[in-house]
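J.: Have a peek at input-v6.txt (compact mmCIF, C-alpha atoms (C1' of nucleotides)).
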```txt
# COMPACT_ATOMS: atom_id res chain seq x y z
CA MET A 1 76.74 126.69 88.56
CA THR A 2 77.60 130.12 87.42
CA ALA A 3 80.83 129.25 89.00
CA TYR A 4 83.20 126.63 90.11
CA LEU A 5 85.29 124.72 87.71
CA SER A 6 84.65 121.25 86.46
CA GLU A 7 86.97 118.50 87.47
CA GLU A 8 89.22 119.27 84.53
CA ASP A 9 88.91 123.03 84.38
CA THR A 10 92.00 125.04 84.93
CA PRO A 11 91.99 128.80 84.81
CA ASP A 12 93.86 130.13 81.83
CA THR A 13 96.49 131.95 83.80
CA ARG A 14 100.08 130.96 83.44
CA PRO A 15 101.35 128.13 85.60
CA GLN A 16 101.32 128.81 89.31
CA SER A 17 102.46 127.13 92.45
CA ALA A 18 100.51 124.14 93.68
CA GLY A 19 99.39 126.19 96.67
CA THR A 20 97.83 128.91 94.56
CA GLN A 21 96.23 126.34 92.31
CA ARG A 22 94.61 124.73 95.30
CA ASN A 23 93.32 128.11 96.41
CA ILE A 24 91.66 128.71 93.08
CA ARG A 25 89.89 125.40 93.38
CA LEU A 26 88.92 126.08 96.98
CA ALA A 27 87.65 129.57 96.22
CA ASN A 28 85.47 128.22 93.45
CA GLU A 29 84.17 125.49 95.67
CA ALA A 30 83.22 128.13 98.22
CA TRP A 31 81.30 130.16 95.67
CA GLU A 32 79.60 127.04 94.40
CA SER A 33 78.46 126.08 97.88
CA LEU A 34 77.25 129.60 98.60
CA PHE A 35 75.35 129.71 95.35
CA GLN A 36 73.78 126.30 95.82
CA ALA A 37 72.72 127.07 99.36
CA GLN A 38 71.03 130.18 98.05
CA VAL A 39 69.28 128.22 95.27
CA SER A 40 68.12 125.64 97.74
CA LEU A 41 66.76 128.12 100.25
CA MET A 42 65.23 130.36 97.62
CA ARG A 43 63.30 127.42 96.26
CA ILE A 44 61.82 126.79 99.67
CA PHE A 45 60.95 130.42 100.19
CA THR A 46 59.40 130.76 96.75
CA ALA A 47 57.19 127.79 97.48
CA GLU A 48 55.77 129.51 100.56
CA ASN A 49 52.15 130.38 100.12
CA ILE A 50 52.41 133.88 101.50
CA TRP A 51 53.28 136.12 98.58
CA GLN A 52 49.73 137.12 97.70
CA ASP A 53 49.85 138.99 94.41
CA LEU A 54 53.51 139.98 94.73
CA SER A 55 56.35 138.24 92.98
CA ILE A 56 59.40 137.64 95.14
CA ARG A 57 61.27 140.28 93.18
CA GLU A 58 58.55 142.78 93.90
CA TYR A 59 58.70 141.87 97.55
CA ASP A 60 62.47 142.38 97.43
CA VAL A 61 61.94 145.91 96.20
CA LEU A 62 59.45 146.74 98.94
CA TYR A 63 61.73 145.17 101.50
CA ALA A 64 64.78 147.08 100.29
CA LEU A 65 62.79 150.29 100.65
CA THR A 66 62.01 149.52 104.29
CA LYS A 67 65.71 149.38 104.97
CA GLY A 68 66.44 152.74 103.40
CA PRO A 69 65.59 156.18 104.79
CA GLU A 70 61.97 157.09 105.40
CA THR A 71 62.14 159.46 102.45
CA GLY A 72 62.84 156.67 100.01
CA LEU A 73 65.66 155.82 97.65
CA ARG A 74 66.73 156.91 94.22
CA LEU A 75 66.13 154.28 91.58
CA CYS A 76 69.85 153.86 91.06
CA GLU A 77 70.42 153.28 94.78
CA LEU A 78 67.61 150.77 94.86
CA ASN A 79 69.07 149.06 91.83
CA GLU A 80 72.29 148.29 93.69
CA LYS A 81 70.39 146.24 96.22
CA ILE A 82 68.33 144.29 93.73
CA LEU A 83 69.47 141.76 91.15
CA LEU A 84 67.54 143.30 88.30
CA SER A 85 68.53 145.35 85.28
CA GLN A 86 67.95 149.07 85.37
CA PRO A 87 65.15 149.04 82.77
CA SER A 88 63.40 146.21 84.60
CA LEU A 89 63.55 148.02 87.89
CA SER A 90 62.35 151.19 86.24
CA ARG A 91 59.27 149.45 84.95
CA MET A 92 58.69 147.56 88.15
CA ALA A 93 58.64 150.85 90.04
CA GLU A 94 56.07 152.09 87.56
CA ARG A 95 53.89 149.03 88.14
CA LEU A 96 54.22 149.22 91.90
CA GLU A 97 53.17 152.86 91.78
CA LYS A 98 50.11 152.00 89.73
CA ARG A 99 49.19 149.53 92.44
CA GLY A 100 49.62 152.18 95.09
CA LEU A 101 52.50 150.44 96.84
CA VAL A 102 55.19 153.04 96.17
CA ARG A 103 55.28 156.70 95.25
CA ARG A 104 57.64 158.13 92.64
CA SER A 105 58.80 161.72 92.69
CA GLN A 106 61.39 163.92 91.04
CA ASP A 107 64.42 164.80 93.10
CA PRO A 108 64.52 168.63 93.28
CA LEU A 109 68.31 168.57 93.59
CA ASP A 110 68.94 166.28 90.64
CA GLY A 111 66.57 166.52 87.74
CA ARG A 112 67.63 163.17 86.33
CA SER A 113 66.82 161.23 89.44
CA VAL A 114 63.59 159.56 90.47
CA ASN A 115 62.92 159.01 94.12
CA VAL A 116 60.90 155.99 95.15
CA CYS A 117 59.35 155.61 98.56
CA LEU A 118 56.87 153.26 100.19
CA THR A 119 53.26 154.26 100.65
CA ASP A 120 51.47 153.24 103.82
CA LYS A 121 49.78 150.53 101.83
CA GLY A 122 53.11 149.29 100.51
CA ARG A 123 54.72 149.31 103.91
CA GLU A 124 51.75 147.51 105.38
CA LEU A 125 51.85 144.83 102.70
CA GLN A 126 55.59 144.29 103.15
CA ARG A 127 55.16 143.94 106.90
CA SER A 128 52.31 141.53 106.59
CA ILE A 129 54.24 139.27 104.22
CA GLY A 130 57.56 139.88 105.96
CA ARG A 131 56.30 138.59 109.28
CA LYS A 132 55.31 135.26 107.79
CA HIS A 133 58.38 135.02 105.63
CA ALA A 134 60.70 135.71 108.55
CA THR A 135 59.24 132.74 110.37
CA THR A 136 60.08 130.39 107.52
CA VAL A 137 63.53 131.88 107.11
CA ALA A 138 64.30 131.44 110.78
CA SER A 139 62.98 127.92 110.75
CA GLN A 140 65.23 126.92 107.86
CA MET A 141 68.34 128.65 109.11
CA ASP A 142 68.00 127.46 112.70
CA GLN A 143 67.41 123.96 111.48
CA ALA A 144 70.79 123.88 109.78
CA LEU A 145 73.00 126.12 111.89
CA ASP A 146 73.47 126.91 115.55
CA HIS A 147 73.89 130.34 117.08
CA ASP A 148 77.64 130.61 116.59
CA GLN A 149 77.47 129.35 113.05
CA LEU A 150 74.89 131.98 112.18
CA LEU A 151 77.27 134.60 113.49
CA GLN A 152 80.09 133.10 111.46
CA LEU A 153 77.99 133.10 108.31
CA ILE A 154 77.04 136.74 108.80
CA GLU A 155 80.67 137.66 109.23
CA LEU A 156 81.83 135.76 106.17
CA CYS A 157 79.08 137.07 103.92
CA SER A 158 79.55 140.62 105.12
CA GLN A 159 83.20 140.41 104.18
CA LEU A 160 82.27 139.06 100.78
CA ARG A 161 79.94 141.95 100.18
CA GLU A 162 82.31 144.60 101.42
CA LYS A 163 85.46 143.43 99.72
CA SER A 164 84.01 142.73 96.31
CA MET B 165 65.44 141.15 100.57
CA THR B 166 63.41 138.08 100.07
CA ALA B 167 64.10 137.70 103.68
CA TYR B 168 65.02 139.28 106.90
CA LEU B 169 62.58 141.30 108.87
CA SER B 170 62.38 145.04 109.00
CA GLU B 171 63.23 146.77 112.21
CA GLU B 172 59.66 146.43 113.36
CA ASP B 173 58.77 143.05 111.96
CA THR B 174 57.94 140.33 114.39
CA PRO B 175 56.99 136.85 113.25
CA ASP B 176 53.39 136.06 113.95
CA THR B 177 54.04 133.20 116.29
CA ARG B 178 52.87 133.39 119.84
CA PRO B 179 55.12 135.08 122.38
CA GLN B 180 58.40 133.33 122.94
CA SER B 181 61.37 133.68 125.20
CA ALA B 182 63.74 136.53 124.56
CA GLY B 183 66.40 134.02 123.55
CA THR B 184 64.28 132.51 120.81
CA GLN B 185 63.22 135.92 119.61
CA ARG B 186 66.82 136.92 119.27
CA ASN B 187 67.48 133.75 117.32
CA ILE B 188 64.74 134.56 114.86
CA ARG B 189 66.28 137.94 114.26
CA LEU B 190 69.76 136.47 113.97
CA ALA B 191 68.66 133.74 111.58
CA ASN B 192 67.03 136.31 109.34
CA GLU B 193 70.09 138.48 109.44
CA ALA B 194 72.15 135.48 108.36
CA TRP B 195 69.90 134.78 105.39
CA GLU B 196 69.93 138.43 104.45
CA SER B 197 73.70 138.55 104.46
CA LEU B 198 73.95 135.34 102.46
CA PHE B 199 71.48 136.63 99.93
CA GLN B 200 73.15 140.00 99.59
CA ALA B 201 76.57 138.47 99.18
CA GLN B 202 75.16 136.36 96.39
CA VAL B 203 73.55 139.39 94.71
CA SER B 204 76.76 141.31 94.97
CA LEU B 205 78.94 138.57 93.54
CA MET B 206 76.46 137.61 90.87
CA ARG B 207 76.43 141.19 89.62
CA ILE B 208 80.18 141.08 89.22
CA PHE B 209 80.10 137.74 87.45
CA THR B 210 77.30 138.79 85.13
CA ALA B 211 79.31 141.82 84.11
CA GLU B 212 82.20 139.63 82.99
CA ASN B 213 82.69 139.75 79.28
CA ILE B 214 83.12 136.02 78.81
CA TRP B 215 79.65 134.59 78.30
CA GLN B 216 79.67 134.71 74.50
CA ASP B 217 76.18 133.92 73.32
CA LEU B 218 75.15 132.09 76.49
CA SER B 219 73.06 133.59 79.24
CA ILE B 220 74.28 132.86 82.74
CA ARG B 221 71.32 130.58 83.26
CA GLU B 222 72.24 128.63 80.18
CA TYR B 223 75.78 128.36 81.42
CA ASP B 224 74.44 127.11 84.75
CA VAL B 225 72.66 124.32 82.95
CA LEU B 226 75.75 123.27 81.02
CA TYR B 227 77.80 123.47 84.18
CA ALA B 228 75.33 121.39 86.17
CA LEU B 229 75.55 118.73 83.48
CA THR B 230 79.33 118.55 83.82
CA LYS B 231 78.88 117.67 87.46
CA GLY B 232 76.45 114.84 86.78
CA PRO B 233 77.21 111.42 85.33
CA GLU B 234 78.66 111.18 81.82
CA THR B 235 75.34 109.81 80.62
CA GLY B 236 73.51 112.97 81.53
CA LEU B 237 70.66 113.84 83.86
CA ARG B 238 66.92 113.63 83.74
CA LEU B 239 65.23 116.98 83.35
CA CYS B 240 63.74 116.72 86.80
CA GLU B 241 67.13 116.04 88.35
CA LEU B 242 68.63 118.96 86.49
CA ASN B 243 65.77 121.12 87.66
CA GLU B 244 66.70 120.59 91.29
CA LYS B 245 70.08 122.14 90.70
CA ILE B 246 68.82 125.15 88.79
CA LEU B 247 66.66 128.00 89.99
CA LEU B 248 64.26 127.84 87.09
CA SER B 249 60.70 126.65 86.72
CA GLN B 250 60.12 123.27 85.13
CA PRO B 251 58.56 124.68 81.95
CA SER B 252 61.41 127.15 81.53
CA LEU B 253 64.02 124.45 81.90
CA SER B 254 62.12 122.25 79.48
CA ARG B 255 62.22 124.94 76.83
CA MET B 256 65.79 125.86 77.59
CA ALA B 257 66.83 122.25 77.02
CA GLU B 258 65.03 122.39 73.70
CA ARG B 259 66.89 125.54 72.69
CA LEU B 260 70.25 124.16 73.81
CA GLU B 261 69.62 121.05 71.77
CA LYS B 262 68.83 123.12 68.69
CA ARG B 263 72.17 124.83 69.17
CA GLY B 264 73.91 121.48 69.43
CA LEU B 265 75.07 121.95 73.00
CA VAL B 266 73.05 119.14 74.58
CA ARG B 267 71.34 115.99 73.40
CA ARG B 268 67.89 114.93 74.60
CA SER B 269 66.77 111.31 74.64
CA GLN B 270 63.97 109.20 76.05
CA ASP B 271 64.78 107.13 79.08
CA PRO B 272 64.04 103.49 78.13
CA LEU B 273 63.22 102.62 81.75
CA ASP B 274 60.80 105.49 82.31
CA GLY B 275 58.78 106.65 79.36
CA ARG B 276 57.91 109.95 80.98
CA SER B 277 61.48 111.01 81.50
CA VAL B 278 63.77 112.95 79.20
CA ASN B 279 67.49 112.53 79.58
CA VAL B 280 69.73 115.46 78.80
CA CYS B 281 73.44 115.15 78.26
CA LEU B 282 76.21 117.39 77.01
CA THR B 283 77.50 117.11 73.47
CA ASP B 284 81.20 117.51 72.84
CA LYS B 285 80.47 120.99 71.59
CA GLY B 286 78.52 121.80 74.74
CA ARG B 287 81.21 120.44 77.02
CA GLU B 288 83.85 122.32 75.11
CA LEU B 289 81.95 125.59 75.37
CA GLN B 290 81.37 125.14 79.09
CA ARG B 291 85.05 124.47 79.66
CA SER B 292 86.14 127.43 77.65
CA ILE B 293 83.88 129.80 79.55
CA GLY B 294 84.36 127.99 82.85
CA ARG B 295 88.10 128.49 82.81
CA LYS B 296 87.76 132.24 82.52
CA HIS B 297 84.90 132.42 84.96
CA ALA B 298 86.77 130.42 87.57
CA THR B 299 89.55 132.95 87.51
CA THR B 300 87.18 135.79 88.33
CA VAL B 301 85.44 133.77 90.99
CA ALA B 302 88.71 132.91 92.68
CA SER B 303 89.87 136.48 92.48
CA GLN B 304 86.73 137.77 94.20
CA MET B 305 86.58 135.09 96.87
CA ASP B 306 90.27 135.21 97.73
CA GLN B 307 90.11 138.96 97.93
CA ALA B 308 87.54 138.78 100.72
CA LEU B 309 88.33 135.58 102.58
CA ASP B 310 91.42 133.66 103.60
CA HIS B 311 91.94 129.93 103.33
CA ASP B 312 90.31 128.99 106.62
CA GLN B 313 87.36 131.24 106.03
CA LEU B 314 86.75 129.63 102.67
CA LEU B 315 86.66 126.27 104.40
CA GLN B 316 84.26 127.64 107.00
CA LEU B 317 81.98 129.04 104.32
CA ILE B 318 81.91 125.73 102.49
CA GLU B 319 81.01 123.93 105.68
CA LEU B 320 78.24 126.34 106.63
CA CYS B 321 76.69 126.41 103.17
CA SER B 322 76.86 122.66 102.83
CA GLN B 323 74.95 122.31 106.07
CA LEU B 324 72.37 124.78 104.84
CA ARG B 325 71.85 122.80 101.69
CA GLU B 326 71.71 119.44 103.37
CA LYS B 327 69.46 120.32 106.27
CA SER B 328 66.89 122.31 104.34
C1' DC C 329 79.79 179.53 79.63
C1' DA C 330 79.86 176.46 75.76
C1' DT C 331 81.06 171.82 74.99
C1' DC C 332 81.61 167.03 75.92
C1' DG C 333 81.44 162.96 78.57
C1' DA C 334 79.04 160.75 82.30
C1' DT C 335 74.96 159.70 84.83
C1' DA C 336 69.93 158.64 85.67
C1' DC C 337 65.86 157.02 83.71
C1' DA C 338 62.60 155.74 80.02
C1' DT C 339 61.16 153.06 76.01
C1' DG C 340 60.94 149.81 71.74
C1' DC C 341 61.38 145.17 71.02
C1' DA C 342 62.44 140.31 70.88
C1' DA C 343 63.41 136.66 73.96
C1' DA C 344 62.53 134.19 78.15
C1' DC C 345 59.86 133.43 82.23
C1' DG C 346 56.19 131.53 85.28
C1' DC C 347 51.51 129.96 85.83
C1' DA C 348 47.93 127.14 84.55
C1' DT C 349 46.97 123.31 82.15
C1' DG C 350 47.38 119.22 79.08
C1' DT C 351 49.25 114.57 77.98
C1' DA C 352 51.41 110.41 78.74
C1' DA C 353 53.65 107.05 81.72
C1' DT C 354 54.26 105.13 86.29
C1' DT C 355 53.00 103.92 90.94
C1' DA C 356 49.71 102.95 94.63
C1' DG C 357 45.51 101.29 96.45
C1' DT C 358 41.79 97.97 96.64
C1' DA D 359 44.15 94.00 87.31
C1' DC D 360 41.44 98.20 87.29
C1' DT D 361 41.13 102.67 88.89
C1' DA D 362 43.02 106.78 91.08
C1' DA D 363 46.78 109.51 92.27
C1' DT D 364 51.31 110.89 91.16
C1' DT D 365 55.19 112.03 88.42
C1' DA D 366 57.62 113.88 84.27
C1' DC D 367 57.47 116.72 80.76
C1' DA D 368 55.24 119.82 77.06
C1' DT D 369 52.50 123.78 75.59
C1' DG D 370 49.34 128.08 75.43
C1' DC D 371 49.45 132.54 77.05
C1' DG D 372 50.06 136.85 79.31
C1' DT D 373 53.79 139.14 81.82
C1' DT D 374 58.41 140.38 82.70
C1' DT D 375 63.13 140.58 81.47
C1' DG D 376 67.36 142.27 79.33
C1' DC D 377 69.61 144.61 75.51
C1' DA D 378 70.07 148.42 72.72
C1' DT D 379 69.00 152.87 72.43
C1' DG D 380 66.92 157.47 73.32
C1' DT D 381 66.38 161.69 76.23
C1' DA D 382 67.37 164.83 79.75
C1' DT D 383 70.33 166.52 83.35
C1' DC D 384 74.64 167.01 85.73
C1' DG D 385 79.58 167.79 86.08
C1' DA D 386 84.09 168.70 84.36
C1' DT D 387 87.23 171.23 81.17
C1' DG D 388 89.00 174.61 78.44
```
For this file, produce the structure as structure tokens.
T.:
Amino acid sequence: MTAYLSEEDTPDTRPQSAGTQRNIRLANEAWESLFQAQVSLMRIFTAENIWQDLSIREYDVLYALTKGPETGLRLCELNEKILLSQPSLSRMAERLEKRGLVRRSQDPLDGRSVNVCLTDKGRELQRSIGRKHATTVASQMDQALDHDQLLQLIELCSQLREKS
Amino acid sequence: MTAYLSEEDTPDTRPQSAGTQRNIRLANEAWESLFQAQVSLMRIFTAENIWQDLSIREYDVLYALTKGPETGLRLCELNEKILLSQPSLSRMAERLEKRGLVRRSQDPLDGRSVNVCLTDKGRELQRSIGRKHATTVASQMDQALDHDQLLQLIELCSQLREKS
DNA sequence: CATCGATACATGCAAACGCATGTAATTAGT
DNA sequence: ACTAATTACATGCGTTTGCATGTATCGATG
């Protein structure tokens, strides 16, 4: 889904060598498998009974903030890490602030920018959920892949992220 | 996001050997990298100007149907392939039918079930979009990974899907 | 330094989503 | 075969999403 070509699909480029054609098919198959693995795992993680009153997307935001600098991230930086439109993230930040999980502040150097950083409460909540979540994640990943394969996967996905 | 543990996170299992601890960290890192690669690629694909009046999720549904049998899929089967709640998929099928892209019908063998299958119009639309999309997908994947790495990725992701 | 395009967010609004729940059909248990 | 539990889907409802657009600030250019 969102990818891959059907049995009969052929990209609308002009005719190419058989080798290149095969690569197009293979590349799409790779994306398809990546996407489906993600769907499959995400389903399992969503079904976990650990999210309390956070949606997974809200957890993602809190988590992304733990990976940034202590001082927080600009909304636009945060947006790059999250699969959410800019207006949606903007409003989510507003909601999270109302709940006391993040703090928003104007950047003194750039009047357009809004800085978002975790409150103690937000960091605490992320940690509490993150600990449980990490256990499930590890369980699923270790069940399917061995140590070397995990390393391989990290390498491949890192390349995909960097070179896209 | 949705995964991985922060620098300080430690799963709340009882103490384990250093080796297992490292595996938990590694497994989470692998999920994180998989997830981020997907976010990154999905952003690029969403930005493509080829979706006409379909949302990506709607395209996913049409695409999933092309991979099933000619006679279509039950809603619950379709739901397994799509990251969407059952009620949302139910209503999306209704909308797609109104637009003449799919056909819904009662399964004579199981009165509870609703069968969904592509109309010619739906199949045609998927193909038209799919061709263009496949080109972008291939371009992105080939840019980051070579032939053998694509094969590796397929193998790893297939295992993840199967053994989860 | 005035102007213009680009960038960073916010907001109005209709569409879509998920949760809780309802209904009907099937399967399992006794 | 009757009842209970399960499965498959639909629907009410409040929330969230994305798109289009608005506003303010920054940066580049002449």
J.: Enter the distance from CA of Gln250 in chain B to CA of Arg43 in chain A, in Å, rounded to one decimal.
T.: 12.3 Å
J.: Which neighbours of range 226-239 of chain B fall inside 9 Å, counting only C-alpha atoms (C1' of nucleotides), when residues of the same chain fewer than 4 positions from it are skipped, and could you give them as a PDB file with C-alpha atoms (C1' of nucleotides), in the frame of the given file?
T.:
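The resulting file, result-v1.pdb, is reproduced below:
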```
ATOM      1  CA  MET A   1      76.740 126.690  88.560  1.00  0.00           C
ATOM      2  CA  THR A   2      77.600 130.120  87.420  1.00  0.00           C
ATOM      3  CA  ALA A   3      80.830 129.250  89.000  1.00  0.00           C
ATOM      4  CA  TYR A   4      83.200 126.630  90.110  1.00  0.00           C
ATOM      5  CA  LEU A   5      85.290 124.720  87.710  1.00  0.00           C
ATOM      6  CA  SER A   6      84.650 121.250  86.460  1.00  0.00           C
ATOM      7  CA  GLU A   7      86.970 118.500  87.470  1.00  0.00           C
TER       8      GLU A   7
ATOM      9  CA  ARG B 221      71.320 130.580  83.260  1.00  0.00           C
ATOM     10  CA  GLU B 222      72.240 128.630  80.180  1.00  0.00           C
ATOM     11  CA  ASN B 243      65.770 121.120  87.660  1.00  0.00           C
ATOM     12  CA  GLU B 244      66.700 120.590  91.290  1.00  0.00           C
ATOM     13  CA  LYS B 245      70.080 122.140  90.700  1.00  0.00           C
ATOM     14  CA  ILE B 246      68.820 125.150  88.790  1.00  0.00           C
ATOM     15  CA  GLN B 250      60.120 123.270  85.130  1.00  0.00           C
ATOM     16  CA  LEU B 253      64.020 124.450  81.900  1.00  0.00           C
ATOM     17  CA  SER B 254      62.120 122.250  79.480  1.00  0.00           C
ATOM     18  CA  ALA B 257      66.830 122.250  77.020  1.00  0.00           C
ATOM     19  CA  LEU B 265      75.070 121.950  73.000  1.00  0.00           C
ATOM     20  CA  VAL B 266      73.050 119.140  74.580  1.00  0.00           C
ATOM     21  CA  ARG B 267      71.340 115.990  73.400  1.00  0.00           C
ATOM     22  CA  ASP B 271      64.780 107.130  79.080  1.00  0.00           C
ATOM     23  CA  SER B 277      61.480 111.010  81.500  1.00  0.00           C
ATOM     24  CA  VAL B 278      63.770 112.950  79.200  1.00  0.00           C
ATOM     25  CA  ASN B 279      67.490 112.530  79.580  1.00  0.00           C
ATOM     26  CA  VAL B 280      69.730 115.460  78.800  1.00  0.00           C
ATOM     27  CA  CYS B 281      73.440 115.150  78.260  1.00  0.00           C
ATOM     28  CA  LEU B 282      76.210 117.390  77.010  1.00  0.00           C
ATOM     29  CA  GLY B 286      78.520 121.800  74.740  1.00  0.00           C
ATOM     30  CA  ARG B 287      81.210 120.440  77.020  1.00  0.00           C
ATOM     31  CA  LEU B 289      81.950 125.590  75.370  1.00  0.00           C
ATOM     32  CA  GLN B 290      81.370 125.140  79.090  1.00  0.00           C
ATOM     33  CA  ARG B 291      85.050 124.470  79.660  1.00  0.00           C
ATOM     34  CA  GLY B 294      84.360 127.990  82.850  1.00  0.00           C
TER      35      GLY B 294
ATOM     36  C1'  DA D 366      57.620 113.880  84.270  1.00  0.00           C
ATOM     37  C1'  DC D 367      57.470 116.720  80.760  1.00  0.00           C
TER      38       DC D 367
END
```
J.: Using all atoms listed in the file and a distance of at most 7 Å, pull out the residues of chain B that contact chain A, as a tab-separated table (two decimals) with C-alpha atoms, keeping the file's coordinate frame.
T.:
```tsv
chain	number	residue	atom	x	y	z
B	165	MET	CA	65.44	141.15	100.57
B	166	THR	CA	63.41	138.08	100.07
B	167	ALA	CA	64.10	137.70	103.68
B	168	TYR	CA	65.02	139.28	106.90
B	169	LEU	CA	62.58	141.30	108.87
B	170	SER	CA	62.38	145.04	109.00
B	173	ASP	CA	58.77	143.05	111.96
B	174	THR	CA	57.94	140.33	114.39
B	175	PRO	CA	56.99	136.85	113.25
B	176	ASP	CA	53.39	136.06	113.95
B	188	ILE	CA	64.74	134.56	114.86
B	191	ALA	CA	68.66	133.74	111.58
B	192	ASN	CA	67.03	136.31	109.34
B	194	ALA	CA	72.15	135.48	108.36
B	197	SER	CA	73.70	138.55	104.46
B	198	LEU	CA	73.95	135.34	102.46
B	199	PHE	CA	71.48	136.63	99.93
B	201	ALA	CA	76.57	138.47	99.18
B	202	GLN	CA	75.16	136.36	96.39
B	203	VAL	CA	73.55	139.39	94.71
B	204	SER	CA	76.76	141.31	94.97
B	220	ILE	CA	74.28	132.86	82.74
B	223	TYR	CA	75.78	128.36	81.42
B	224	ASP	CA	74.44	127.11	84.75
B	227	TYR	CA	77.80	123.47	84.18
B	228	ALA	CA	75.33	121.39	86.17
B	230	THR	CA	79.33	118.55	83.82
B	231	LYS	CA	78.88	117.67	87.46
B	247	LEU	CA	66.66	128.00	89.99
B	291	ARG	CA	85.05	124.47	79.66
B	294	GLY	CA	84.36	127.99	82.85
B	295	ARG	CA	88.10	128.49	82.81
B	296	LYS	CA	87.76	132.24	82.52
B	297	HIS	CA	84.90	132.42	84.96
B	298	ALA	CA	86.77	130.42	87.57
B	299	THR	CA	89.55	132.95	87.51
B	301	VAL	CA	85.44	133.77	90.99
B	302	ALA	CA	88.71	132.91	92.68
B	304	GLN	CA	86.73	137.77	94.20
B	305	MET	CA	86.58	135.09	96.87
B	306	ASP	CA	90.27	135.21	97.73
B	307	GLN	CA	90.11	138.96	97.93
B	308	ALA	CA	87.54	138.78	100.72
B	314	LEU	CA	86.75	129.63	102.67
B	317	LEU	CA	81.98	129.04	104.32
B	318	ILE	CA	81.91	125.73	102.49
B	320	LEU	CA	78.24	126.34	106.63
B	321	CYS	CA	76.69	126.41	103.17
B	322	SER	CA	76.86	122.66	102.83
B	323	GLN	CA	74.95	122.31	106.07
B	324	LEU	CA	72.37	124.78	104.84
B	325	ARG	CA	71.85	122.80	101.69
B	327	LYS	CA	69.46	120.32	106.27
B	328	SER	CA	66.89	122.31	104.34
```
J.: May I have the residues of chain D within 10 Å of chain A, counting all atoms listed in the file, written as a PyMOL selection string?
T.: chain D and resi 374-377+382-384
J.: Rounded to one decimal place, report the C1' of DT361 in chain D-CA of Gln270 in chain B distance in Å.
T.: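 According to the coordinates, C1' of DT361 in chain D and CA of Gln270 in chain B are separated by 27.0 Å.
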J.: Which distance in Å separates C1' of DT354 in chain C and CA of Cys240 in chain B, to one decimal?
T.: 15.0 Å
J.: Pick out the chain C residues within 8 Å of chain A. Count only C-alpha atoms (C1' of nucleotides). Give them as an MDAnalysis selection string.
T.: chainID C and resid 336:338
